[in-house]
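K.L.:
Just coords15.txt, nothing more (compact mmCIF, C-alpha atoms):
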```txt
# COMPACT_ATOMS: atom_id res chain seq x y z
CA MET A 26 0.00 0.00 0.00
CA ILE A 27 1.51 3.33 -1.09
CA THR A 28 0.38 5.63 1.69
CA ASN A 29 2.13 8.69 0.34
CA TYR A 30 -0.34 8.85 -2.54
CA PHE A 31 -3.54 9.08 -0.50
CA MET A 32 -1.84 11.42 1.99
CA LYS A 33 -1.03 13.81 -0.85
CA HIS A 34 -4.49 13.35 -2.34
CA ILE A 35 -6.21 14.33 0.91
CA SER A 36 -3.78 17.18 1.54
CA TYR A 37 -4.53 18.69 -1.86
CA HIS A 38 -8.25 18.05 -1.44
CA LEU A 39 -8.58 19.75 1.96
CA HIS A 40 -5.59 22.13 1.68
CA THR A 41 -4.17 21.05 5.02
CA PHE A 42 -1.75 18.64 6.71
CA VAL A 43 -1.91 14.86 6.69
CA LYS A 44 0.51 13.24 9.13
CA SER A 45 1.30 9.66 10.13
CA PHE A 46 2.19 8.37 13.61
CA THR A 47 2.84 4.98 15.11
CA MET A 48 0.44 3.74 17.77
CA ASP A 49 3.11 4.85 20.27
CA LYS A 50 2.67 8.40 18.90
CA ILE A 51 6.08 8.46 17.21
CA PRO A 52 5.85 10.83 14.20
CA GLY A 53 6.35 9.52 10.69
CA GLU A 54 5.61 11.29 7.41
CA ALA A 55 3.94 14.71 7.14
CA VAL A 56 2.43 16.04 3.91
CA CYS A 57 1.13 19.53 3.13
CA ALA A 58 1.16 21.18 -0.28
CA ARG A 59 0.80 24.65 1.24
CA LYS A 60 4.36 25.79 1.89
CA ASP A 61 3.22 28.94 3.71
CA PHE A 62 0.95 27.08 6.15
CA SER A 63 2.03 25.81 9.59
CA ASP A 64 0.15 23.53 11.96
CA LEU A 65 0.30 25.91 14.89
CA PRO A 66 -2.19 24.22 17.29
CA PHE A 67 -0.58 20.79 16.85
CA SER A 68 2.74 22.15 18.08
CA ILE A 69 1.08 22.57 21.50
CA LEU A 70 1.70 19.39 23.50
CA ASN A 71 -1.78 19.22 25.03
CA VAL A 72 -3.43 19.49 21.62
CA ARG A 73 -1.14 16.88 20.07
CA ASP A 74 -1.69 14.35 22.88
CA THR A 75 -5.46 14.85 22.87
CA VAL A 76 -5.77 14.47 19.08
CA LEU A 77 -3.71 11.25 19.11
CA GLU A 78 -5.51 9.70 22.09
CA MET A 79 -7.24 6.54 20.87
CA LYS A 80 -10.06 4.62 22.48
CA ALA A 81 -9.57 1.03 23.70
CA GLU A 82 -10.86 -0.12 20.33
CA PRO A 83 -9.28 2.23 17.77
CA PHE A 84 -11.87 4.24 15.85
CA PRO A 85 -11.73 7.52 13.85
CA THR A 86 -11.76 10.32 16.39
CA LEU A 87 -12.55 14.00 15.88
CA THR A 88 -11.16 16.77 18.09
CA SER A 89 -12.08 20.44 18.08
CA VAL A 90 -9.80 23.21 19.31
CA ASN A 91 -11.55 26.40 20.45
CA ASP A 92 -14.73 25.07 18.75
CA SER A 93 -13.45 26.12 15.32
CA ILE A 94 -10.27 24.13 14.51
CA ILE A 95 -10.85 20.47 13.68
CA TYR A 96 -8.58 17.42 13.55
CA ALA A 97 -9.31 13.78 12.72
CA ALA A 98 -7.17 10.87 13.94
CA VAL A 99 -7.75 7.76 11.83
CA PRO A 100 -6.35 4.36 12.92
CA ALA A 101 -5.07 2.18 10.08
CA ARG A 102 -3.37 -1.09 11.07
CA ASP A 103 -0.29 -0.08 13.07
CA MET A 104 -0.48 3.63 12.20
CA ILE A 105 -2.55 6.69 13.04
CA TYR A 106 -3.19 9.25 10.30
CA VAL A 107 -4.03 12.78 11.41
CA ILE A 108 -6.00 15.04 9.04
CA GLY A 109 -6.11 18.73 9.88
CA PRO A 110 -6.34 21.40 10.95
CA VAL A 111 -9.44 22.52 9.05
CA GLY A 112 -12.55 24.59 9.70
CA PHE A 113 -16.11 23.82 8.57
CA HIS A 114 -18.49 26.03 6.59
CA THR A 115 -21.26 25.28 9.09
CA LYS A 116 -21.22 24.60 12.81
CA VAL A 117 -20.72 20.93 13.76
CA ASN A 118 -20.83 19.64 17.32
CA ILE A 119 -17.67 17.70 18.25
CA ASN A 120 -17.77 15.85 21.55
CA ARG A 121 -14.01 15.96 22.21
CA ARG A 122 -13.10 19.60 22.76
CA ILE A 123 -10.04 21.58 23.83
CA GLN A 124 -10.82 25.12 24.88
CA ALA A 125 -8.87 28.32 25.57
CA VAL A 126 -5.87 27.43 23.40
CA PRO A 127 -3.96 30.63 22.55
CA ILE A 128 -3.95 30.93 18.74
CA GLU A 129 -2.89 34.00 16.77
CA SER A 130 -5.69 35.63 14.80
CA ASP A 131 -3.51 35.89 11.67
CA TRP A 132 -3.10 32.11 11.69
CA ILE A 133 -6.88 31.61 11.98
CA GLN A 134 -7.31 33.58 8.75
CA SER A 135 -5.09 31.07 6.93
CA LEU A 136 -7.10 28.02 8.08
CA SER A 137 -8.63 26.02 5.23
CA ILE A 138 -12.43 25.86 5.39
CA CYS A 139 -14.13 22.77 3.94
CA ASP A 140 -17.48 20.99 3.89
CA PHE A 141 -18.12 18.52 6.69
CA ASP A 142 -19.14 15.86 4.12
CA ASP A 143 -15.82 16.19 2.29
CA PHE A 144 -13.94 15.79 5.57
CA MET A 145 -15.95 12.65 6.36
CA GLN A 146 -15.23 11.11 2.97
CA ASP A 147 -11.47 11.53 3.41
CA ILE A 148 -11.61 9.94 6.86
CA LEU A 149 -13.53 7.00 5.39
CA LEU A 150 -11.06 6.73 2.52
CA ILE A 151 -8.20 6.04 4.93
CA TYR A 152 -10.08 3.87 7.39
CA ASN A 153 -11.86 1.66 4.84
CA LEU A 154 -8.65 1.05 2.86
CA PHE A 155 -7.19 -0.75 5.86
CA HIS A 156 -10.22 -2.46 7.42
CA GLU A 157 -12.46 -5.27 6.19
CA GLU A 158 -15.47 -4.01 8.13
CA MET A 159 -16.34 -0.75 6.40
CA LEU A 160 -17.58 2.33 8.23
CA THR A 161 -20.06 4.95 7.06
CA ALA A 162 -20.20 8.66 7.81
CA GLY A 163 -23.12 7.89 10.13
CA ASP A 164 -20.90 5.63 12.25
CA ILE A 165 -18.34 8.39 12.71
CA ILE A 166 -20.99 11.00 13.48
CA LYS A 167 -22.63 8.77 16.07
CA GLU A 168 -19.33 8.25 17.93
CA ASN A 169 -17.95 11.77 17.64
CA CYS A 170 -20.73 14.31 17.19
CA VAL A 171 -23.83 13.08 18.99
CA ASP A 172 -24.12 13.83 22.68
CA SER A 173 -24.30 10.52 24.54
CA LEU A 174 -27.26 11.88 26.50
CA THR A 175 -29.25 12.80 23.38
CA GLN A 176 -30.77 9.36 22.77
CA GLU A 177 -31.55 8.94 26.46
CA GLN A 178 -33.23 12.35 26.48
CA ILE A 179 -35.29 11.46 23.42
CA GLN A 180 -36.51 8.28 25.09
CA LYS A 181 -37.27 10.19 28.29
CA ASN A 182 -39.18 12.91 26.43
CA PHE A 183 -41.05 10.27 24.44
CA SER A 184 -42.18 8.47 27.58
CA GLU A 185 -43.23 11.73 29.20
CA LEU A 186 -45.20 12.82 26.13
CA ILE A 187 -47.02 9.49 25.85
CA PHE A 188 -47.98 9.70 29.53
CA GLU A 189 -49.06 13.35 29.25
CA ASN A 190 -51.17 12.72 26.15
CA HIS A 191 -52.82 9.74 27.82
CA GLU A 192 -53.61 11.77 30.94
CA ASN A 193 -55.04 14.67 28.91
CA ARG A 194 -56.81 12.38 26.43
CA LYS A 195 -54.86 13.96 23.57
CA LYS A 196 -54.17 12.12 20.34
CA HIS A 197 -52.91 12.89 16.83
CA ASN A 198 -55.07 13.06 13.74
CA PRO A 199 -55.94 9.59 12.37
CA TYR A 200 -53.49 7.95 9.98
CA ASP A 201 -56.25 6.78 7.64
CA GLN A 202 -57.16 10.41 6.92
CA GLU A 203 -53.55 11.07 5.90
CA VAL A 204 -53.64 8.01 3.63
CA ARG A 205 -56.77 9.30 1.90
CA GLU A 206 -55.28 12.77 1.50
CA PHE A 207 -52.05 11.66 -0.15
CA SER A 208 -53.60 8.83 -2.17
CA SER A 209 -55.88 11.45 -3.73
CA ILE A 210 -52.76 13.32 -4.89
CA GLU A 211 -51.15 10.13 -6.18
CA ASN A 212 -54.35 9.31 -8.12
CA GLY A 213 -54.90 12.87 -9.36
CA ASP A 214 -58.33 12.93 -7.67
CA ILE A 215 -59.17 16.57 -6.84
CA ARG A 216 -62.63 15.69 -5.50
CA GLN A 217 -61.21 13.16 -3.05
CA LEU A 218 -58.57 15.68 -1.95
CA GLU A 219 -61.23 18.29 -1.17
CA GLN A 220 -63.26 15.66 0.71
CA SER A 221 -60.21 14.75 2.82
CA TRP A 222 -59.80 18.44 3.73
CA ALA A 223 -63.45 18.60 4.81
CA GLU A 224 -63.24 15.59 7.14
CA ASP A 225 -63.87 16.24 10.83
CA TYR A 226 -61.73 14.53 13.49
CA THR A 227 -60.94 15.10 17.12
CA GLY A 228 -57.17 14.62 16.94
CA GLN A 229 -54.54 17.36 16.84
CA LEU A 230 -51.57 18.26 14.68
CA GLY A 231 -48.18 17.29 16.05
CA THR A 232 -46.06 19.87 17.86
CA LEU A 233 -42.87 20.30 15.82
CA ALA A 234 -41.44 23.37 17.56
CA LYS A 235 -41.98 25.34 20.76
CA ASP A 236 -43.02 28.45 18.82
CA GLN A 237 -46.56 28.00 17.46
CA ILE A 238 -45.94 29.61 14.05
CA ARG A 239 -42.66 27.74 13.61
CA SER A 240 -44.40 24.48 14.52
CA PHE A 241 -47.15 25.05 11.95
CA LYS A 242 -44.59 26.01 9.29
CA ASN A 243 -42.82 22.72 9.94
CA VAL A 244 -46.11 20.83 9.60
CA CYS A 245 -46.73 22.57 6.26
CA ILE A 246 -43.25 21.68 5.04
CA VAL A 247 -43.83 18.03 5.96
CA VAL A 248 -47.19 18.03 4.12
CA ILE A 249 -45.68 19.59 0.98
CA THR A 250 -42.79 17.12 1.04
CA LEU A 251 -45.14 14.14 1.33
CA ALA A 252 -47.37 15.61 -1.40
CA SER A 253 -44.40 15.97 -3.76
CA ARG A 254 -43.50 12.29 -3.26
CA ALA A 255 -47.12 11.22 -3.77
CA ALA A 256 -47.19 13.18 -7.05
CA ILE A 257 -43.99 11.45 -8.20
CA ARG A 258 -45.60 8.07 -7.48
CA GLY A 259 -48.55 9.32 -9.54
CA GLY A 260 -46.29 9.91 -12.55
CA LEU A 261 -45.09 13.51 -12.15
CA ASN A 262 -41.50 14.09 -13.27
CA PRO A 263 -39.28 14.20 -10.13
CA GLU A 264 -37.46 17.36 -11.25
CA ILE A 265 -40.77 19.16 -11.70
CA SER A 266 -42.05 17.88 -8.36
CA PHE A 267 -38.92 18.91 -6.46
CA SER A 268 -38.83 22.36 -8.07
CA LEU A 269 -42.48 22.98 -7.22
CA SER A 270 -41.81 21.83 -3.65
CA ASP A 271 -38.93 24.32 -3.38
CA ILE A 272 -41.21 27.18 -4.46
CA PHE A 273 -43.99 26.40 -1.98
CA ILE A 274 -41.60 25.76 0.93
CA MET A 275 -39.86 29.09 0.29
CA LYS A 276 -43.29 30.76 0.41
CA ILE A 277 -43.98 28.97 3.70
CA GLU A 278 -40.75 30.40 5.13
CA GLU A 279 -41.66 33.92 4.01
CA SER A 280 -45.13 33.85 5.63
CA ASN A 281 -45.94 34.37 9.30
CA ASP A 282 -49.68 34.03 9.76
CA ILE A 283 -51.73 30.85 10.05
CA ALA A 284 -54.30 31.75 7.37
CA THR A 285 -51.64 32.36 4.70
CA LEU A 286 -49.79 29.20 5.68
CA ILE A 287 -52.95 27.11 5.33
CA HIS A 288 -53.61 28.65 1.91
CA ILE A 289 -50.08 27.90 0.66
CA ARG A 290 -50.21 24.33 1.99
CA ASN A 291 -53.58 23.64 0.35
CA SER A 292 -52.48 25.32 -2.89
CA ALA A 293 -49.46 23.02 -3.05
CA GLU A 294 -51.55 19.89 -2.56
CA TYR A 295 -54.11 21.09 -5.12
CA GLU A 296 -51.44 21.88 -7.73
CA TYR A 297 -49.78 18.49 -7.33
CA THR A 298 -53.16 16.76 -7.67
CA ARG A 299 -54.02 18.78 -10.77
CA LEU A 300 -50.72 17.95 -12.45
CA VAL A 301 -51.12 14.24 -11.75
CA GLN A 302 -54.71 14.41 -13.01
CA GLU A 303 -53.48 15.82 -16.33
CA ILE A 304 -50.96 12.99 -16.63
CA LYS A 305 -53.61 10.36 -15.84
CA GLU A 306 -56.00 11.82 -18.42
CA ARG A 307 -53.32 11.77 -21.12
CA GLN A 308 -52.49 8.19 -20.29
CA LYS A 309 -56.16 7.19 -20.25
CA GLY A 310 -56.67 8.58 -23.73
CA LYS A 311 -53.82 6.44 -25.07
CA GLN A 312 -54.79 3.19 -23.40
CA LYS A 313 -55.93 0.35 -25.61
CA LYS A 314 -57.83 -2.81 -24.70
CA GLU A 315 -54.84 -4.95 -25.59
CA LYS A 316 -51.41 -3.43 -25.24
CA ASN A 317 -48.74 -4.58 -27.66
CA PRO A 318 -45.76 -5.55 -25.44
CA ARG A 319 -43.31 -4.35 -28.10
CA ILE A 320 -44.91 -0.92 -28.24
CA GLU A 321 -44.91 -0.75 -24.45
CA ALA A 322 -41.19 -1.59 -24.52
CA CYS A 323 -40.64 1.24 -27.04
CA ARG A 324 -42.54 3.71 -24.86
CA ASN A 325 -40.62 2.65 -21.76
CA TYR A 326 -37.32 3.03 -23.60
CA ILE A 327 -38.27 6.51 -24.80
CA PHE A 328 -39.41 7.58 -21.32
CA SER A 329 -36.18 6.42 -19.68
CA HIS A 330 -34.00 8.14 -22.32
CA LEU A 331 -35.84 11.47 -22.69
CA HIS A 332 -32.77 13.34 -21.46
CA GLU A 333 -30.67 11.88 -24.29
CA LYS A 334 -30.64 12.07 -28.07
CA ILE A 335 -32.80 9.07 -28.97
CA SER A 336 -31.93 7.12 -32.09
CA ILE A 337 -34.42 4.68 -33.62
CA GLY A 338 -31.46 2.47 -34.52
CA ASP A 339 -30.21 2.39 -30.93
CA MET A 340 -33.70 1.71 -29.62
CA ALA A 341 -34.24 -1.11 -32.13
CA LEU A 342 -30.90 -2.65 -31.17
CA GLU A 343 -31.76 -2.47 -27.47
CA LEU A 344 -35.19 -4.07 -28.07
CA GLN A 345 -33.80 -6.59 -30.60
CA MET A 346 -36.08 -5.39 -33.39
CA ASN A 347 -35.56 -4.35 -36.99
CA PRO A 348 -35.60 -0.49 -37.17
CA ASN A 349 -37.99 -0.36 -40.14
CA TYR A 350 -40.33 -2.89 -38.57
CA LEU A 351 -40.26 -0.97 -35.29
CA SER A 352 -41.15 2.30 -37.06
CA ASP A 353 -44.00 0.74 -39.06
CA LEU A 354 -45.43 -1.10 -36.03
CA PHE A 355 -45.31 2.00 -33.83
CA LYS A 356 -47.08 4.14 -36.45
CA LYS A 357 -49.74 1.47 -36.91
CA GLU A 358 -50.40 1.01 -33.16
CA GLU A 359 -50.04 4.60 -31.96
CA GLY A 360 -51.17 6.57 -35.01
CA ILE A 361 -48.01 8.69 -34.87
CA SER A 362 -44.44 8.18 -36.05
CA VAL A 363 -41.75 7.27 -33.52
CA THR A 364 -39.90 10.48 -34.33
CA ASN A 365 -42.93 12.69 -33.68
CA TYR A 366 -43.80 10.76 -30.52
CA ILE A 367 -40.29 11.34 -29.15
CA ARG A 368 -40.48 15.02 -30.09
CA ASN A 369 -43.87 15.45 -28.40
CA GLU A 370 -42.72 13.77 -25.18
CA LYS A 371 -39.61 15.95 -25.04
CA VAL A 372 -41.73 19.06 -25.63
CA LYS A 373 -44.11 18.06 -22.78
CA LEU A 374 -41.14 17.77 -20.43
CA ALA A 375 -39.79 21.11 -21.71
CA GLU A 376 -43.18 22.70 -20.95
CA ASN A 377 -43.01 21.53 -17.35
CA LEU A 378 -39.43 22.73 -16.96
CA LEU A 379 -40.33 26.14 -18.39
CA ILE A 380 -43.23 26.49 -15.94
CA TYR A 381 -41.76 25.12 -12.74
CA SER A 382 -37.97 25.36 -12.97
CA LYS A 383 -35.49 28.22 -13.19
CA TYR A 384 -33.28 26.51 -15.77
CA HIS A 385 -32.21 28.65 -18.72
CA TYR A 386 -33.30 27.64 -22.22
CA ILE A 387 -29.85 26.34 -23.15
CA GLU A 388 -29.79 24.16 -19.99
CA ILE A 389 -33.20 22.70 -20.84
CA SER A 390 -32.13 21.93 -24.40
CA ALA A 391 -28.98 20.17 -23.16
CA TYR A 392 -30.95 18.24 -20.51
CA LEU A 393 -33.37 16.96 -23.17
CA GLY A 394 -30.63 15.92 -25.58
CA PHE A 395 -31.16 18.61 -28.25
CA SER A 396 -28.14 19.64 -30.30
CA SER A 397 -28.73 23.33 -29.53
CA GLN A 398 -31.17 25.77 -28.00
CA SER A 399 -32.38 26.82 -31.45
CA HIS A 400 -33.12 23.17 -32.30
CA LEU A 401 -35.32 22.86 -29.21
CA GLY A 402 -36.92 26.23 -29.95
CA LYS A 403 -37.87 25.14 -33.47
CA GLN A 404 -39.31 21.80 -32.34
CA PHE A 405 -41.13 23.46 -29.43
CA LYS A 406 -42.79 26.04 -31.66
CA GLU A 407 -43.92 23.38 -34.15
CA VAL A 408 -45.79 21.58 -31.35
CA THR A 409 -47.05 24.47 -29.18
CA GLY A 410 -47.14 27.39 -31.59
CA MET A 411 -45.10 29.44 -29.09
CA THR A 412 -41.42 30.20 -28.60
CA LEU A 413 -39.73 29.11 -25.37
CA LYS A 414 -39.79 32.70 -24.09
CA GLN A 415 -43.44 33.22 -24.98
CA TYR A 416 -44.42 30.02 -23.19
CA ARG A 417 -42.45 30.85 -20.02
CA ASP A 418 -43.72 34.46 -19.99
CA CYS A 419 -47.28 33.18 -20.32
CA TYR A 420 -47.28 30.19 -17.95
CA GLY A 421 -44.06 30.24 -15.92
CA VAL A 422 -43.86 30.83 -12.20
CA LYS A 423 -43.19 34.57 -11.84
CA GLU A 424 -40.12 34.27 -9.63
CA PHE A 425 -38.48 32.08 -12.26
CA ILE A 426 -39.48 34.37 -15.13
CA HIS A 427 -37.79 37.25 -13.32
CA THR A 428 -34.63 35.16 -12.90
CA GLU A 429 -34.68 34.12 -16.55
CA LYS A 430 -34.98 37.73 -17.76
CA LYS A 431 -32.05 38.79 -15.62
CA GLY A 432 -29.90 35.86 -16.81
CA ASN A 433 -27.63 36.03 -19.81
CA THR A 434 -29.47 33.87 -22.35
CA LYS A 435 -29.08 33.59 -26.08
CA ALA A 436 -31.77 34.82 -28.45
CA GLU A 437 -34.10 32.13 -29.74
CA ALA A 438 -34.05 31.00 -33.30
```
Would you put the structure from the file into structure tokens?

P.N.:
Amino acid sequence: MITNYFMKHISYHLHTFVKSFTMDKIPGEAVCARKDFSDLPFSILNVRDTVLEMKAEPFPTLTSVNDSIIYAAVPARDMIYVIGPVGFHTKVNINRRIQAVPIESDWIQSLSICDFDDFMQDILLIYNLFHEEMLTAGDIIKENCVDSLTQEQIQKNFSELIFENHENRKKHNPYDQEVREFSSIENGDIRQLEQSWAEDYTGQLGTLAKDQIRSFKNVCIVVITLASRAAIRGGLNPEISFSLSDIFIMKIEESNDIATLIHIRNSAEYEYTRLVQEIKERQKGKQKKEKNPRIEACRNYIFSHLHEKISIGDMALELQMNPNYLSDLFKKEEGISVTNYIRNEKVKLAENLLIYSKYHYIEISAYLGFSSQSHLGKQFKEVTGMTLKQYRDCYGVKEFIHTEKKGNTKAEA
């Protein structure tokens, strides 16, 4: 195993030191590509000894210095590899802390700042290279970042809440009502959705925060998230569903009164149901009493490759059919040529992206496998009678239209 390679790799990746030590804490190799950077905290004996202190069963260990300077000590066979110092973009709780270490402010300014996830991946890279039983980031977090009392406190609070609710005869809203609500979205059934809203029950919403408005916002966010997943199960494109969820959740965050929050939550559920309903109606109109399995295979291939340039030859090869026979059979069964069917499906997806996403025209054309933005624009206008800009200006979510106008986009053909 050439350790120098991964030490250099991690050093370049995180812009910091990677050092090796024996289990007796005897220093070995030290790598850092930054010639102007020194590991000031590690030169302090207390910091060095604490960072290198291993548990009875060696395990990757994180140490924070002054709550802002982070080291990782990773055991690997008969060596310990130390990664750091680094800082994180966001606050992360580290159980092993050293406080009040005198560090010059100029040195703090030179500290490399990285993402916590990137730091975790480099720890795992070293550990899993040398161990048969592989760790995950969750394993490291559980041992190093989660307060040992947290789980006990959760269990204690849970027991207390169950007892309190029993004493006060409090209970949550029934689960079967939730099932009806989200199945109506998945089925595109607006009438059933409205009926689920009108149901009367004696239960209460969960408490998701101490502040009442914050708690209700969190409930709304949960509802919108579940609605977006129900819509995906109903056939809505995931990218469209996620983008729509982002819009409604941002509106939830911007609002601070119960009436507005209820309106936004219900509007989100209604819009998801409406979109699924449109998909179901299109599918219903195309259903035949007896489906030709070869045509179904063609449709499935097209659907799964909509983001690529689809070739009839490639599709025929994949489905083990003659290209000419495939084209003739598809036209006979569907009443439309394969080429036009592919074009129409891509245009439908482009319509959704223009309405509910903030992607620029050139990004949409690349995502759908068109050779250029002008190529998409031409095909789009043949089907809809509108240019990409006209369609987005007419139907697009206003926040996204504003973003698109401000962006630097090419003129349409």

K.L.:
Rounded to one decimal in Å, what is the spacing between CA of Asp147 in chain A and CA of Val107 in chain A?

P.N.:
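If I compute the distance from CA of Asp147 in chain A to CA of Val107 in chain A, I get 11.0 Å.
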
K.L.:
Using all atoms listed in the file, collect all residues at a distance of at most 8 Å from (-3.9, 0.9, 7.1) as written in the file, then present them as number ranges by chain.

P.N.:
A: 100-104, 151-152, 154-156

K.L.:
How many Å separate CA of Ala293 in chain A from CA of Gly259 in chain A?

P.N.:
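Going from CA of Ala293 in chain A over to CA of Gly259 in chain A, I get 15.2 Å.
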
K.L.:
Within 12 Å of Leu150 in chain A, counting only C-alpha atoms, which residues qualify if same-chain residues fewer than 3 places away don't, as a ChimeraX atom specification?

P.N.:
/A:28,31-32,34-35,85,99-101,106,108,143-147,153-156,159-162

K.L.:
Rounded to one decimal, what separation in Å do you get between CA of Ile215 in chain A and CA of Ala284 in chain A?

P.N.:
21.4 Å

K.L.:
Could you add whatever atoms are missing so that range 90-104 of chain A carries N, CA and C atoms, then write the result as a compact mmCIF listing (two decimals), in the coordinates of the input?

P.N.:
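Printed below is rebuild_0.txt as written:
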```
# COMPACT_ATOMS: atom_id res chain seq x y z
N VAL A 90 -10.60 22.28 18.52
CA VAL A 90 -9.80 23.21 19.31
C VAL A 90 -10.49 24.57 19.23
N ASN A 91 -10.84 25.10 20.38
CA ASN A 91 -11.55 26.40 20.45
C ASN A 91 -12.84 26.41 19.63
N ASP A 92 -13.45 25.24 19.46
CA ASP A 92 -14.73 25.07 18.75
C ASP A 92 -14.68 25.44 17.28
N SER A 93 -13.50 25.69 16.72
CA SER A 93 -13.45 26.12 15.32
C SER A 93 -12.34 25.45 14.50
N ILE A 94 -11.41 24.78 15.18
CA ILE A 94 -10.27 24.13 14.51
C ILE A 94 -10.43 22.62 14.71
N ILE A 95 -10.49 21.88 13.61
CA ILE A 95 -10.85 20.47 13.68
C ILE A 95 -9.71 19.58 13.20
N TYR A 96 -9.51 18.47 13.94
CA TYR A 96 -8.58 17.42 13.55
C TYR A 96 -9.33 16.08 13.54
N ALA A 97 -8.82 15.16 12.70
CA ALA A 97 -9.31 13.78 12.72
C ALA A 97 -8.11 12.86 12.86
N ALA A 98 -8.20 11.90 13.78
CA ALA A 98 -7.17 10.87 13.94
C ALA A 98 -7.78 9.55 13.48
N VAL A 99 -7.17 8.95 12.45
CA VAL A 99 -7.75 7.76 11.83
C VAL A 99 -6.80 6.57 12.00
N PRO A 100 -7.20 5.54 12.76
CA PRO A 100 -6.35 4.36 12.92
C PRO A 100 -6.36 3.50 11.67
N ALA A 101 -5.18 3.03 11.26
CA ALA A 101 -5.07 2.18 10.08
C ALA A 101 -3.96 1.18 10.33
N ARG A 102 -4.34 -0.05 10.69
CA ARG A 102 -3.37 -1.09 11.07
C ARG A 102 -2.50 -0.60 12.22
N ASP A 103 -1.19 -0.46 11.98
CA ASP A 103 -0.29 -0.08 13.07
C ASP A 103 0.05 1.40 13.04
N MET A 104 -0.75 2.21 12.32
CA MET A 104 -0.48 3.63 12.20
C MET A 104 -1.73 4.45 12.54
```
